[in-house]
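Enquirer: See upload-v5.cif below, with mmCIF, C-alpha atoms and all ligand atoms.
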data_start
loop_
_atom_site.label_atom_id
_atom_site.label_comp_id
_atom_site.auth_asym_id
_atom_site.auth_seq_id
_atom_site.Cartn_x
_atom_site.Cartn_y
_atom_site.Cartn_z
CA MET A 100 103.84 102.26 74.41
CA SER A 101 100.53 100.88 73.15
CA SER A 102 97.26 101.22 75.04
CA ASN A 103 97.44 97.55 76.04
CA TYR A 104 99.83 96.97 78.89
CA VAL A 105 100.45 95.52 82.34
CA ARG A 106 101.69 97.86 85.05
CA PHE A 107 102.94 96.83 88.48
CA TRP A 108 101.78 99.16 91.28
CA GLY A 109 102.58 96.95 94.26
CA VAL A 110 104.84 93.89 94.35
CA ARG A 111 105.55 93.34 98.05
CA GLY A 112 103.99 90.48 100.02
CA SER A 113 102.68 90.48 103.61
CA TYR A 114 103.04 94.16 104.57
CA PRO A 115 104.24 97.45 103.08
CA ALA A 116 108.01 97.94 103.12
CA PRO A 117 108.69 101.66 102.52
CA PHE A 118 112.39 101.44 103.41
CA SER A 119 115.23 103.24 101.63
CA THR A 120 116.95 99.85 101.08
CA HIS A 121 113.86 98.52 99.25
CA MET A 122 113.11 101.30 96.77
CA ARG A 123 114.52 99.74 93.56
CA ILE A 124 111.93 96.96 93.95
CA GLY A 125 109.26 98.99 95.75
CA GLY A 126 107.39 98.79 99.05
CA ASN A 127 103.67 98.71 98.16
CA THR A 128 101.61 95.54 98.59
CA PRO A 129 100.03 93.69 95.64
CA CYS A 130 98.32 95.58 92.86
CA VAL A 131 98.71 94.90 89.13
CA GLU A 132 96.89 96.88 86.44
CA VAL A 133 96.00 95.31 83.12
CA ARG A 134 94.99 98.08 80.73
CA LEU A 135 93.30 97.23 77.45
CA GLY A 136 92.44 100.53 75.79
CA SER A 137 89.96 102.20 78.11
CA ARG A 138 89.22 98.96 79.97
CA VAL A 139 90.90 98.77 83.37
CA LEU A 140 91.44 95.53 85.25
CA ILE A 141 93.07 95.76 88.67
CA PHE A 142 94.37 92.58 90.26
CA ASP A 143 94.31 93.02 94.05
CA ALA A 144 93.92 96.19 96.05
CA GLY A 145 96.99 96.29 98.27
CA THR A 146 98.55 99.68 98.99
CA GLY A 147 99.63 99.88 95.33
CA VAL A 148 96.01 100.59 94.38
CA ILE A 149 96.23 104.01 96.12
CA PRO A 150 98.61 105.68 93.62
CA LEU A 151 96.79 103.86 90.80
CA GLY A 152 93.46 105.36 91.94
CA ASN A 153 95.04 108.82 92.12
CA GLU A 154 96.31 108.38 88.56
CA LEU A 155 92.98 107.08 87.20
CA VAL A 156 90.97 110.08 88.40
CA LYS A 157 93.26 112.33 86.33
CA GLN A 158 92.34 110.45 83.14
CA SER A 159 89.18 111.96 81.69
CA ASP A 160 88.30 108.92 79.52
CA ILE A 161 88.13 106.44 82.44
CA HIS A 162 85.09 106.16 84.73
CA GLU A 163 84.84 102.43 85.20
CA VAL A 164 87.22 99.91 86.78
CA ASN A 165 87.22 96.21 87.59
CA ILE A 166 88.95 95.20 90.82
CA ILE A 167 89.69 91.48 90.92
CA LEU A 168 90.68 90.21 94.36
CA THR A 169 92.51 86.94 94.99
CA HIS A 170 91.61 86.85 98.73
CA TYR A 171 91.01 89.13 101.70
CA HIS A 172 94.31 89.11 103.58
CA TRP A 173 95.16 92.67 104.55
CA ASP A 174 98.02 93.08 102.15
CA HIS A 175 95.56 92.50 99.26
CA ILE A 176 92.74 94.85 100.34
CA SER A 177 94.28 97.52 102.57
CA GLY A 178 94.52 100.08 99.74
CA LEU A 179 90.78 99.95 99.04
CA PRO A 180 89.72 102.42 101.80
CA PHE A 181 92.01 104.98 100.06
CA PHE A 182 90.98 104.21 96.47
CA VAL A 183 89.73 107.61 95.32
CA PRO A 184 87.52 106.47 92.36
CA ALA A 185 85.22 104.64 94.83
CA PHE A 186 84.44 108.00 96.45
CA MET A 187 83.67 109.74 93.13
CA PRO A 188 80.12 110.13 91.79
CA GLY A 189 79.71 108.96 88.20
CA TRP A 190 82.24 106.13 88.54
CA LYS A 191 81.48 102.43 88.26
CA VAL A 192 83.54 100.05 90.37
CA HIS A 193 83.03 96.32 89.81
CA ILE A 194 84.62 94.16 92.51
CA PHE A 195 85.27 90.43 92.01
CA GLY A 196 86.54 88.04 94.67
CA PRO A 197 86.01 84.78 96.58
CA GLY A 198 82.60 84.26 98.18
CA ASP A 199 79.49 82.11 97.81
CA GLU A 200 77.49 85.13 96.76
CA PRO A 201 78.14 88.82 96.01
CA ALA A 202 76.89 89.87 99.48
CA ASP A 203 79.85 87.96 101.02
CA LEU A 204 82.31 90.24 99.23
CA GLU A 205 80.42 93.32 100.30
CA SER A 206 80.40 92.36 103.99
CA ARG A 207 84.09 91.36 104.02
CA LEU A 208 85.22 94.62 102.45
CA ALA A 209 82.85 96.72 104.56
CA ALA A 210 84.23 95.08 107.72
CA GLN A 211 87.71 96.60 107.28
CA MET A 212 86.18 100.08 107.01
CA LYS A 213 83.98 99.96 110.10
CA ALA A 214 84.57 101.99 113.27
CA PRO A 215 86.78 101.87 115.24
CA TYR A 216 89.16 100.57 112.55
CA PHE A 217 88.46 103.27 109.96
CA PRO A 218 86.61 106.60 110.06
CA VAL A 219 84.76 106.32 106.73
CA GLU A 220 82.46 103.39 105.93
CA THR A 221 81.67 101.91 102.52
CA GLU A 222 78.26 103.66 102.69
CA THR A 223 80.15 106.86 101.84
CA TRP A 224 81.36 105.45 98.53
CA LEU A 225 79.70 107.63 95.89
CA ALA A 226 80.63 105.42 92.95
CA ASP A 227 78.23 102.77 91.70
CA VAL A 228 79.92 99.75 93.36
CA SER A 229 78.84 96.23 92.41
CA TYR A 230 80.08 92.86 93.64
CA HIS A 231 80.56 89.68 91.64
CA THR A 232 81.71 86.10 92.28
CA PRO A 233 84.13 84.92 89.57
CA HIS A 234 84.10 81.21 90.44
CA PRO A 235 83.37 78.63 89.09
CA VAL A 236 81.82 80.57 86.18
CA PRO A 237 84.47 82.91 84.71
CA ALA A 238 83.97 86.65 85.13
CA GLN A 239 82.87 88.26 81.88
CA ILE A 240 84.32 91.75 81.57
CA GLY A 241 83.24 93.11 78.20
CA GLU A 242 84.72 90.75 75.63
CA LEU A 243 87.20 89.38 78.19
CA SER A 244 86.73 86.18 80.11
CA VAL A 245 88.68 86.00 83.39
CA SER A 246 88.75 82.49 84.84
CA SER A 247 89.82 81.55 88.34
CA PHE A 248 91.42 78.56 90.02
CA ILE A 249 92.19 77.66 93.62
CA LEU A 250 95.68 78.29 95.00
CA HIS A 251 97.51 76.70 97.97
CA HIS A 252 97.17 79.52 100.48
CA PRO A 253 95.35 79.83 103.84
CA GLY A 254 91.60 80.39 103.30
CA ILE A 255 90.04 80.44 99.84
CA THR A 256 92.45 82.12 97.45
CA TYR A 257 92.02 82.39 93.69
CA GLY A 258 94.53 82.75 90.92
CA TYR A 259 93.29 84.31 87.66
CA ARG A 260 93.84 83.67 84.00
CA LEU A 261 92.98 85.79 80.97
CA GLU A 262 93.81 85.93 77.28
CA VAL A 263 94.86 89.16 75.64
CA ASN A 264 95.76 89.28 71.91
CA GLY A 265 96.27 85.50 71.97
CA LYS A 266 98.62 85.72 74.96
CA THR A 267 97.73 84.11 78.28
CA ILE A 268 98.38 86.07 81.45
CA VAL A 269 98.18 84.33 84.84
CA TYR A 270 98.18 86.16 88.17
CA ALA A 271 98.92 83.95 91.21
CA PRO A 272 100.44 86.19 93.88
CA ASP A 273 100.11 83.98 96.97
CA ASN A 274 100.65 80.29 96.31
CA GLU A 275 102.71 77.55 97.92
CA LEU A 276 103.82 75.21 95.15
CA SER A 277 105.37 72.36 97.13
CA PHE A 278 102.95 72.28 100.01
CA ILE A 279 101.60 68.71 99.63
CA ASP A 280 104.91 67.44 98.36
CA ARG A 281 106.87 68.56 101.40
CA SER A 282 104.24 67.82 104.03
CA ILE A 283 104.08 64.23 102.75
CA GLU A 284 107.84 63.99 102.68
CA LYS A 285 108.00 64.83 106.37
CA ARG A 286 105.66 61.98 107.37
CA LYS A 287 106.87 59.40 104.88
CA ALA A 288 108.41 57.11 107.51
CA GLU A 289 104.96 56.51 109.05
CA PHE A 290 103.47 55.02 105.85
CA ASP A 291 103.39 51.38 104.70
CA GLN A 292 104.15 50.37 101.08
CA ASP A 293 100.59 50.80 99.75
CA GLU A 294 100.22 54.16 101.46
CA GLN A 295 103.55 55.27 100.04
CA THR A 296 102.45 54.34 96.53
CA LEU A 297 99.16 56.18 97.01
CA LEU A 298 100.91 59.23 98.37
CA ASN A 299 103.46 59.22 95.58
CA ASP A 300 100.56 59.22 93.11
CA MET A 301 99.01 62.12 95.01
CA LYS A 302 102.30 64.01 94.87
CA GLN A 303 102.53 63.47 91.13
CA GLU A 304 98.92 64.52 90.67
CA ASP A 305 99.47 67.64 92.75
CA LYS A 306 102.62 68.50 90.88
CA SER A 307 100.88 68.24 87.53
CA ARG A 308 97.94 70.26 88.87
CA ASN A 309 100.38 72.94 90.00
CA ILE A 310 101.91 73.07 86.59
CA GLU A 311 98.60 72.81 84.76
CA PHE A 312 97.56 76.40 85.45
CA MET A 313 100.92 77.65 84.16
CA THR A 314 101.12 75.53 81.04
CA ASP A 315 102.36 77.53 78.04
CA VAL A 316 101.48 80.80 79.75
CA HIS A 317 103.00 83.88 78.13
CA MET A 318 103.17 85.96 81.30
CA LEU A 319 103.08 84.34 84.73
CA ILE A 320 103.05 86.60 87.79
CA HIS A 321 103.74 84.24 90.67
CA ASP A 322 104.63 84.10 94.35
CA ALA A 323 108.40 83.78 94.89
CA GLN A 324 108.54 85.03 98.45
CA TYR A 325 111.20 82.94 100.17
CA THR A 326 114.81 81.91 99.85
CA VAL A 327 115.53 78.20 100.32
CA ASP A 328 116.53 78.73 103.99
CA ASP A 329 113.48 80.80 104.88
CA TYR A 330 111.15 78.39 103.13
CA ALA A 331 112.51 75.55 105.27
CA ARG A 332 111.36 77.54 108.33
CA LYS A 333 108.09 78.75 106.83
CA HIS A 334 106.82 75.64 105.17
CA GLY A 335 103.00 75.56 105.16
CA TRP A 336 102.63 79.35 105.38
CA GLY A 337 101.18 79.52 101.87
CA HIS A 338 104.10 81.06 99.98
CA SER A 339 106.65 79.57 97.60
CA CYS A 340 110.38 79.24 97.59
CA PHE A 341 111.56 81.12 94.49
CA ILE A 342 113.51 78.06 93.27
CA ASP A 343 110.27 76.02 93.18
CA THR A 344 108.58 78.85 91.27
CA VAL A 345 111.32 79.02 88.65
CA ASN A 346 111.53 75.23 88.21
CA SER A 347 107.75 74.81 87.97
CA ALA A 348 107.46 77.65 85.46
CA MET A 349 110.20 76.09 83.29
CA ASP A 350 108.50 72.65 83.52
CA ALA A 351 105.24 74.27 82.40
CA GLY A 352 106.73 76.08 79.40
CA VAL A 353 106.14 79.62 80.71
CA LYS A 354 107.58 82.32 78.39
CA HIS A 355 107.97 85.20 80.88
CA LEU A 356 108.00 84.62 84.62
CA PHE A 357 107.58 87.59 86.99
CA LEU A 358 108.79 86.84 90.52
CA PHE A 359 106.21 88.47 92.76
CA SER A 360 105.10 88.93 96.39
CA HIS A 361 108.59 89.78 97.59
CA GLU A 362 109.33 89.13 101.25
CA PRO A 363 109.23 92.55 103.02
CA THR A 364 112.36 91.84 105.09
CA TYR A 365 114.47 91.33 101.92
CA ASP A 366 116.18 94.44 100.60
CA ASP A 367 116.92 95.20 96.92
CA GLU A 368 120.28 93.49 97.04
CA GLN A 369 118.88 90.25 98.43
CA ILE A 370 116.12 90.09 95.81
CA GLU A 371 118.56 90.93 93.02
CA ALA A 372 120.84 88.12 94.27
CA MET A 373 117.86 85.73 94.12
CA HIS A 374 117.27 86.91 90.56
CA ARG A 375 120.89 86.14 89.62
CA GLN A 376 120.40 82.63 91.00
CA THR A 377 117.35 82.17 88.79
CA GLN A 378 119.43 83.19 85.74
CA GLU A 379 121.97 80.47 86.59
CA LEU A 380 119.24 77.90 87.06
CA ILE A 381 117.60 78.78 83.74
CA HIS A 382 120.97 78.64 82.01
CA GLU A 383 121.80 75.24 83.60
CA ARG A 384 118.51 73.81 82.40
CA GLY A 385 118.95 75.27 78.92
CA SER A 386 115.54 76.92 79.10
CA SER A 387 114.46 79.90 76.98
CA MET A 388 112.19 81.26 79.73
CA VAL A 389 112.79 84.89 80.66
CA CYS A 390 112.63 85.57 84.39
CA HIS A 391 111.92 89.11 85.64
CA VAL A 392 111.79 90.58 89.12
CA SER A 393 108.45 92.43 89.49
CA ARG A 394 109.25 96.02 90.39
CA GLU A 395 106.94 98.85 91.26
CA GLY A 396 106.30 101.01 88.19
CA MET A 397 107.36 98.29 85.74
CA LEU A 398 105.39 98.47 82.51
CA ILE A 399 104.99 95.58 80.08
CA ASP A 400 103.63 96.35 76.63
CA LEU A 401 101.20 93.63 75.53
CA GLU A 402 101.68 94.49 71.84
CA ASP A 403 105.38 93.46 71.86
ZN ZN B 1 97.64 86.02 101.60
#
Once more with this new file: its structure as structure tokens, please.
Ligand SMILES: [Zn+2]
Expert:
Amino acid sequence: MSSNYVRFWGVRGSYPAPFSTHMRIGGNTPCVEVRLGSRVLIFDAGTGVIPLGNELVKQSDIHEVNIILTHYHWDHISGLPFFVPAFMPGWKVHIFGPGDEPADLESRLAAQMKAPYFPVETETWLADVSYHTPHPVPAQIGELSVSSFILHHPGITYGYRLEVNGKTIVYAPDNELSFIDRSIEKRKAEFDQDEQTLLNDMKQEDKSRNIEFMTDVHMLIHDAQYTVDDYARKHGWGHSCFIDTVNSAMDAGVKHLFLFSHEPTYDDEQIEAMHRQTQELIHERGSSMVCHVSREGMLIDLED
């Protein structure tokens, strides 16, 4: 294993799922570490960031981390109050996330740690914590540029893109791919001919915009929360049907797709069955894309 890798610490969407039937995939909520030598990037701070923090404080060469948040739904920030490096003197913690100015991030994160919801406030963090807005100007982390784009998800939610050794990595954990498409479809009967043409153009535009952020990406970590049946019931909730994710990724020329943000009510067998379906779909379309199920603890070497 080289010193450049991606490690999955939390892959579950919505809420933690620490059930014995879910352990092959894992129960922690979103957290993905991108390690480039001694530089540490952490995408989202769901409960997966807790074991990551415990691991980082054991490593004597690391005293600085970059936490890059997509949005502030609980499942993406609830590990932060238990992130040990933030409580350690001598550490630097840079936090990036949606907001008009850095103070917005600070107040949103402080709010979840105020009494009576939590006994220890952010004032007790002993690390040097700084806040940064990564949009529209990309976040500059050393020599790395991390750019953001807006996802289809309730509230302002960013996806992120970075280049490592000439390979593009995109992290888009909560994103509904067919949102406009299907909401238009439902109301189609109400529209006259001109409106239908306009809406069809909009659909096309939206589809190409959806695919744009994935185009020729080496490693795409993307929402694949629902089965077809569940998506029919949960349309508009801000998550994708895994079939849409796989088809969009193939259309966009993605090399490695990582199904992510697994529905917490699905056990290992259900998610593995969804994965088998993706293999059939990829085979049917004659695509060379490799589709993986994100699993807790999974390690991807970026030098391979
Ligand atoms: Zn969310």
Enquirer: One number please: CA of Tyr104 (chain A) to CA of Glu275 (chain A), in Å, one decimal.
Expert: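 About the pair CA of Tyr104 (chain A) and CA of Glu275 (chain A): they are 27.3 Å apart.
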Enquirer: Could you name the residues that touch Gln324 (chain A) at 7 Å or less, counting all atoms listed in the file, but leaving out those on the same chain fewer than 3 positions away, as a JSON list (two decimals) with C-alpha atoms, in the frame of the given file?
Expert:
[["chain", "number", "residue", "atom", "x", "y", "z"],
["A", 338, "HIS", "CA", 104.10, 81.06, 99.98],
["A", 339, "SER", "CA", 106.65, 79.57, 97.60],
["A", 340, "CYS", "CA", 110.38, 79.24, 97.59],
["A", 341, "PHE", "CA", 111.56, 81.12, 94.49],
["A", 360, "SER", "CA", 105.10, 88.93, 96.39],
["A", 361, "HIS", "CA", 108.59, 89.78, 97.59],
["A", 362, "GLU", "CA", 109.33, 89.13, 101.25]]
Enquirer: Set out as JSON lines a contact list for chain A and ligand ZN 1 (chain B) with a cut-off of 12 Å, giving each residue of chain A that qualifies its closest atom pair and distance in Å to one decimal, counting all atoms listed in the file, ordered by chain and rising residue number.
Expert:
{"residue": "A:Arg111", "atom": "CA", "partner": "B:ZN1", "partner_atom": "ZN", "distance": 11.3}
{"residue": "A:Gly112", "atom": "CA", "partner": "B:ZN1", "partner_atom": "ZN", "distance": 7.9}
{"residue": "A:Ser113", "atom": "CA", "partner": "B:ZN1", "partner_atom": "ZN", "distance": 7.0}
{"residue": "A:Tyr114", "atom": "CA", "partner": "B:ZN1", "partner_atom": "ZN", "distance": 10.2}
{"residue": "A:Thr128", "atom": "CA", "partner": "B:ZN1", "partner_atom": "ZN", "distance": 10.7}
{"residue": "A:Pro129", "atom": "CA", "partner": "B:ZN1", "partner_atom": "ZN", "distance": 10.0}
{"residue": "A:Asp143", "atom": "CA", "partner": "B:ZN1", "partner_atom": "ZN", "distance": 10.8}
{"residue": "A:Gly145", "atom": "CA", "partner": "B:ZN1", "partner_atom": "ZN", "distance": 10.8}
{"residue": "A:Leu168", "atom": "CA", "partner": "B:ZN1", "partner_atom": "ZN", "distance": 10.9}
{"residue": "A:Thr169", "atom": "CA", "partner": "B:ZN1", "partner_atom": "ZN", "distance": 8.4}
{"residue": "A:His170", "atom": "CA", "partner": "B:ZN1", "partner_atom": "ZN", "distance": 6.7}
{"residue": "A:Tyr171", "atom": "CA", "partner": "B:ZN1", "partner_atom": "ZN", "distance": 7.3}
{"residue": "A:His172", "atom": "CA", "partner": "B:ZN1", "partner_atom": "ZN", "distance": 5.0}
{"residue": "A:Trp173", "atom": "CA", "partner": "B:ZN1", "partner_atom": "ZN", "distance": 7.7}
{"residue": "A:Asp174", "atom": "CA", "partner": "B:ZN1", "partner_atom": "ZN", "distance": 7.1}
{"residue": "A:His175", "atom": "CA", "partner": "B:ZN1", "partner_atom": "ZN", "distance": 7.2}
{"residue": "A:Ile176", "atom": "CA", "partner": "B:ZN1", "partner_atom": "ZN", "distance": 10.2}
{"residue": "A:Leu250", "atom": "CA", "partner": "B:ZN1", "partner_atom": "ZN", "distance": 10.4}
{"residue": "A:His251", "atom": "CA", "partner": "B:ZN1", "partner_atom": "ZN", "distance": 10.0}
{"residue": "A:His252", "atom": "CA", "partner": "B:ZN1", "partner_atom": "ZN", "distance": 6.6}
{"residue": "A:Pro253", "atom": "CA", "partner": "B:ZN1", "partner_atom": "ZN", "distance": 7.0}
{"residue": "A:Gly254", "atom": "CA", "partner": "B:ZN1", "partner_atom": "ZN", "distance": 8.4}
{"residue": "A:Ile255", "atom": "CA", "partner": "B:ZN1", "partner_atom": "ZN", "distance": 9.6}
{"residue": "A:Thr256", "atom": "CA", "partner": "B:ZN1", "partner_atom": "ZN", "distance": 7.7}
{"residue": "A:Tyr257", "atom": "CA", "partner": "B:ZN1", "partner_atom": "ZN", "distance": 10.4}
{"residue": "A:Gly258", "atom": "CA", "partner": "B:ZN1", "partner_atom": "ZN", "distance": 11.6}
{"residue": "A:Ala271", "atom": "CA", "partner": "B:ZN1", "partner_atom": "ZN", "distance": 10.7}
{"residue": "A:Pro272", "atom": "CA", "partner": "B:ZN1", "partner_atom": "ZN", "distance": 8.2}
{"residue": "A:Asp273", "atom": "CA", "partner": "B:ZN1", "partner_atom": "ZN", "distance": 5.6}
{"residue": "A:Asn274", "atom": "CA", "partner": "B:ZN1", "partner_atom": "ZN", "distance": 8.4}
{"residue": "A:Glu275", "atom": "CA", "partner": "B:ZN1", "partner_atom": "ZN", "distance": 10.5}
{"residue": "A:Asp322", "atom": "CA", "partner": "B:ZN1", "partner_atom": "ZN", "distance": 10.3}
{"residue": "A:Gln324", "atom": "CA", "partner": "B:ZN1", "partner_atom": "ZN", "distance": 11.4}
{"residue": "A:Trp336", "atom": "CA", "partner": "B:ZN1", "partner_atom": "ZN", "distance": 9.1}
{"residue": "A:Gly337", "atom": "CA", "partner": "B:ZN1", "partner_atom": "ZN", "distance": 7.4}
{"residue": "A:His338", "atom": "CA", "partner": "B:ZN1", "partner_atom": "ZN", "distance": 8.3}
{"residue": "A:Ser339", "atom": "CA", "partner": "B:ZN1", "partner_atom": "ZN", "distance": 11.8}
{"residue": "A:Ser360", "atom": "CA", "partner": "B:ZN1", "partner_atom": "ZN", "distance": 9.6}
Enquirer: Find the residues near His355 (chain A): any atom within 12 Å, counting all atoms listed in the file, skip ones fewer than 6 places away on the same chain, and give them as a ChimeraX atom specification.
Expert: /A:266-269,313-321,345,348-349,381,386-393,399
Enquirer: Which value, in Å to one decimal, gives the distance between CA of Val192 (chain A) and CA of Glu163 (chain A)?
Expert: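 So the answer is 5.8 Å.
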Enquirer: Identify which of the residues A:Ser137, A:Leu401, A:Cys130, A:Phe359 lies closest to His374 (chain A), counting only C-alpha atoms when measuring atom-to-atom distances.
Expert: A:Phe359
Enquirer: Record the distance separating CA of Val133 (chain A) and CA of Pro117 (chain A), expressed in Å with one decimal.
Expert: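 Separation between CA of Val133 (chain A) and CA of Pro117 (chain A): 24.0 Å.
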Enquirer: If we count only C-alpha atoms, what is near Pro184 (chain A) at a cut-off of 10 Å, once residues fewer than 6 positions away on the same chain are taken out, given as a ChimeraX atom specification?
Expert: /A:149,151-156,161-164,190-192,224-226
Enquirer: Which neighbours of Glu402 (chain A) fall inside 8 Å, counting only C-alpha atoms, when residues of the same chain fewer than 3 positions from it are skipped, and could you give them as a PyMOL selection string?
Expert: chain A and resi 101+103-104+264
Enquirer: For Asn309 (chain A), please output as a list in words all residues within 8 Å (counting all atoms listed in the file; exclusion window: fewer than 3 positions along the same chain).
Expert: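 Answer for this query is Leu276, Asp305, Lys306, Phe312, Met313 and Ser347 of chain A.
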Enquirer: Nearest to Glu222 (chain A): which of A:Pro115, A:Pro150, A:Pro363, A:Pro180 is it, counting all atoms listed in the file?
Expert: A:Pro180
Enquirer: For a quick check of your reading of the model, name the residues lying within 12 Å of the coordinate (115.3, 101.8, 95.4), counting only C-alpha atoms, and write them as a short mmCIF file (atom, residue, chain, number, x, y, z; two decimals) with C-alpha atoms, in the frame of the given file.
Expert:
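To be explicit, this is the file written out as out-v5.cif:
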data_model
loop_
_atom_site.label_atom_id
_atom_site.label_comp_id
_atom_site.auth_asym_id
_atom_site.auth_seq_id
_atom_site.Cartn_x
_atom_site.Cartn_y
_atom_site.Cartn_z
CA ALA A 116 108.01 97.94 103.12
CA PRO A 117 108.69 101.66 102.52
CA PHE A 118 112.39 101.44 103.41
CA SER A 119 115.23 103.24 101.63
CA THR A 120 116.95 99.85 101.08
CA HIS A 121 113.86 98.52 99.25
CA MET A 122 113.11 101.30 96.77
CA ARG A 123 114.52 99.74 93.56
CA ILE A 124 111.93 96.96 93.95
CA GLY A 125 109.26 98.99 95.75
CA GLY A 126 107.39 98.79 99.05
CA ASP A 366 116.18 94.44 100.60
CA ASP A 367 116.92 95.20 96.92
CA GLU A 368 120.28 93.49 97.04
CA ILE A 370 116.12 90.09 95.81
CA GLU A 371 118.56 90.93 93.02
CA ARG A 394 109.25 96.02 90.39
CA GLU A 395 106.94 98.85 91.26
CA GLY A 396 106.30 101.01 88.19
#
Enquirer: What box, with edges along x, y and z, holds each listed atom of region 199-218 of chain A when 8 Å is added on every side, and can you state its centre and edge lengths in Å to one decimal, as lines of an AutoDock Vina configuration file?
Expert:
center_x = 83.0
center_y = 94.4
center_z = 105.6
size_x = 28.3
size_y = 40.5
size_z = 35.2
Enquirer: Using all atoms listed in the file, can you tell me which of A:Met100, A:His382, A:Ser277, A:Ala202 comes closest to His334 (chain A)?
Expert: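 Ranked by minimum distance to His334 (chain A), first place goes to A:Ser277.
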